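Reviewing the structure listed below.
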Amino acid sequence: MAASRSPTQRSLEYLREQGYHCEIVEKWNSFTKQRKDLWGWCDILAIRKDEVLAVQVTASAVADRIKKIQESTTVALVRDAGIRIECHGWRKNSKGRYVIRVEDIS
């Protein structure tokens, strides 16, 4: 069962283990059949004492996601608001277990 979890579900579990309260802020638009991320790139918003974290999650292509965030018109506002930004990339290692790559791009 665990293998069928989405990258977003894996990141939620990872963040909650770190003490964050998390919410998915990516929405499905049934009319356009497209996903819409908060600010055009944020999948999860996580909070804990004195910290807000915006997370982009991917199963691959971490560099592409980082580029997408850095080119966003909203990233400067998010940074100015003091919100940290991470990109979580999930892949299977040589033993077939999922491992996370966390890139802080605040």
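So you can find residues: chains in the structure tokens are A, B, ... in the order shown, residues in each start at 1, and ligands are numbered from 1 in order.
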
I'd like to know which residues of stretch 27-105 of chain A are helix (DSSP H, G or I) (by DSSP, run on the backbone); could you write them as a list in words?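 Checking each residue of stretch 27-105 of chain A, the helix (DSSP H, G or I) ones are Val62, Ala63, Asp64, Arg65, Ile66, Lys67, Lys68, Ile69, Gln70, Val75, Ala76, Leu77, Val78, Arg79 and Asp80 of chain A.
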
What does the file look like for those residues with C-alpha atoms, as a CSV table (one decimal), in the first residue's frame?
```
chain,number,residue,atom,x,y,z
A,62,VAL,CA,13.6,19.1,-9.4
A,63,ALA,CA,15.7,21.5,-11.4
A,64,ASP,CA,12.7,22.3,-13.7
A,65,ARG,CA,10.5,23.0,-10.6
A,66,ILE,CA,13.1,25.3,-9.1
A,67,LYS,CA,13.4,27.2,-12.3
A,68,LYS,CA,9.6,27.5,-12.4
A,69,ILE,CA,9.5,29.0,-8.9
A,70,GLN,CA,12.4,31.3,-9.5
A,75,VAL,CA,8.2,34.4,-5.6
A,76,ALA,CA,9.6,37.9,-4.6
A,77,LEU,CA,6.4,38.7,-2.6
A,78,VAL,CA,6.5,35.3,-0.9
A,79,ARG,CA,10.2,35.8,0.1
A,80,ASP,CA,9.5,39.4,1.2
```

Could you name the residues that touch A:Leu53 at 10 Å or less, counting only C-alpha atoms, but leaving out those on the same chain fewer than 6 positions away, as a PyMOL selection string? chain A and resi 15+20+22+42+44-47+78+82-86+106

Restricting the calculation to only C-alpha atoms, which member of A:Asn93, A:Ser72, A:Gln18, A:Ile100 is positioned closest to A:Lys49?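 For A:Lys49, the nearest of the given residues is A:Gln18.
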
Expressed in Å to a single decimal, how great is the separation between atom CA of A:Arg101 and atom CA of A:Arg48?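 Interatomic distance here is 20.9 Å.
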
Which of chain A counts as strand (DSSP E) under DSSP, as a count of residues only please? 39

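For A:Trp28, the residues within 12 Å (counting only C-alpha atoms, excluding itself and residues fewer than 6 positions away along the chain) are Gln34, Arg35, Lys36, Asp37, Leu38 and Asp43 of chain A.
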
Print the selection's residues with N, CA and C atoms to a file, as a PDB file, in the first residue's frame.
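Result file is out.pdb:
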```
ATOM      1  N   GLN A  34      -7.425  20.806 -15.102  1.00  0.00           N
ATOM      2  CA  GLN A  34      -6.053  21.162 -14.772  1.00  0.00           C
ATOM      3  C   GLN A  34      -5.903  21.383 -13.270  1.00  0.00           C
ATOM      4  N   ARG A  35      -4.688  21.157 -12.778  1.00  0.00           N
ATOM      5  CA  ARG A  35      -4.355  21.471 -11.390  1.00  0.00           C
ATOM      6  C   ARG A  35      -3.875  22.918 -11.327  1.00  0.00           C
ATOM      7  N   LYS A  36      -4.232  23.580 -10.254  1.00  0.00           N
ATOM      8  CA  LYS A  36      -3.796  24.962 -10.046  1.00  0.00           C
ATOM      9  C   LYS A  36      -3.117  25.041  -8.692  1.00  0.00           C
ATOM     10  N   ASP A  37      -1.856  25.449  -8.708  1.00  0.00           N
ATOM     11  CA  ASP A  37      -1.083  25.597  -7.488  1.00  0.00           C
ATOM     12  C   ASP A  37      -1.259  27.002  -6.918  1.00  0.00           C
ATOM     13  N   LEU A  38      -1.163  27.114  -5.599  1.00  0.00           N
ATOM     14  CA  LEU A  38      -1.146  28.419  -4.962  1.00  0.00           C
ATOM     15  C   LEU A  38       0.051  29.191  -5.499  1.00  0.00           C
ATOM     16  N   ASP A  43       2.414  23.624  -3.715  1.00  0.00           N
ATOM     17  CA  ASP A  43       1.502  22.494  -3.514  1.00  0.00           C
ATOM     18  C   ASP A  43       1.068  22.343  -2.058  1.00  0.00           C
TER      19      ASP A  43
END
```

Minimum-distance residue to A:Ser6, chosen among A:Ala54, A:Glu26, A:Ala59, A:Trp41 (using only C-alpha atoms): A:Ala59

Distance criterion (only C-alpha atoms): nearest to A:Leu12 out of A:Gly96, A:Gly40, A:Asp104, A:Val57: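 Among the listed residues, the smallest separation from A:Leu12 belongs to A:Val57.
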
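Atom to atom, atom CA of A:Val52 and atom CA of A:Lys33 stand 29.5 Å apart.
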
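A straight line drawn from atom CA of A:Val102 to atom CA of A:Cys87 is 5.8 Å long.
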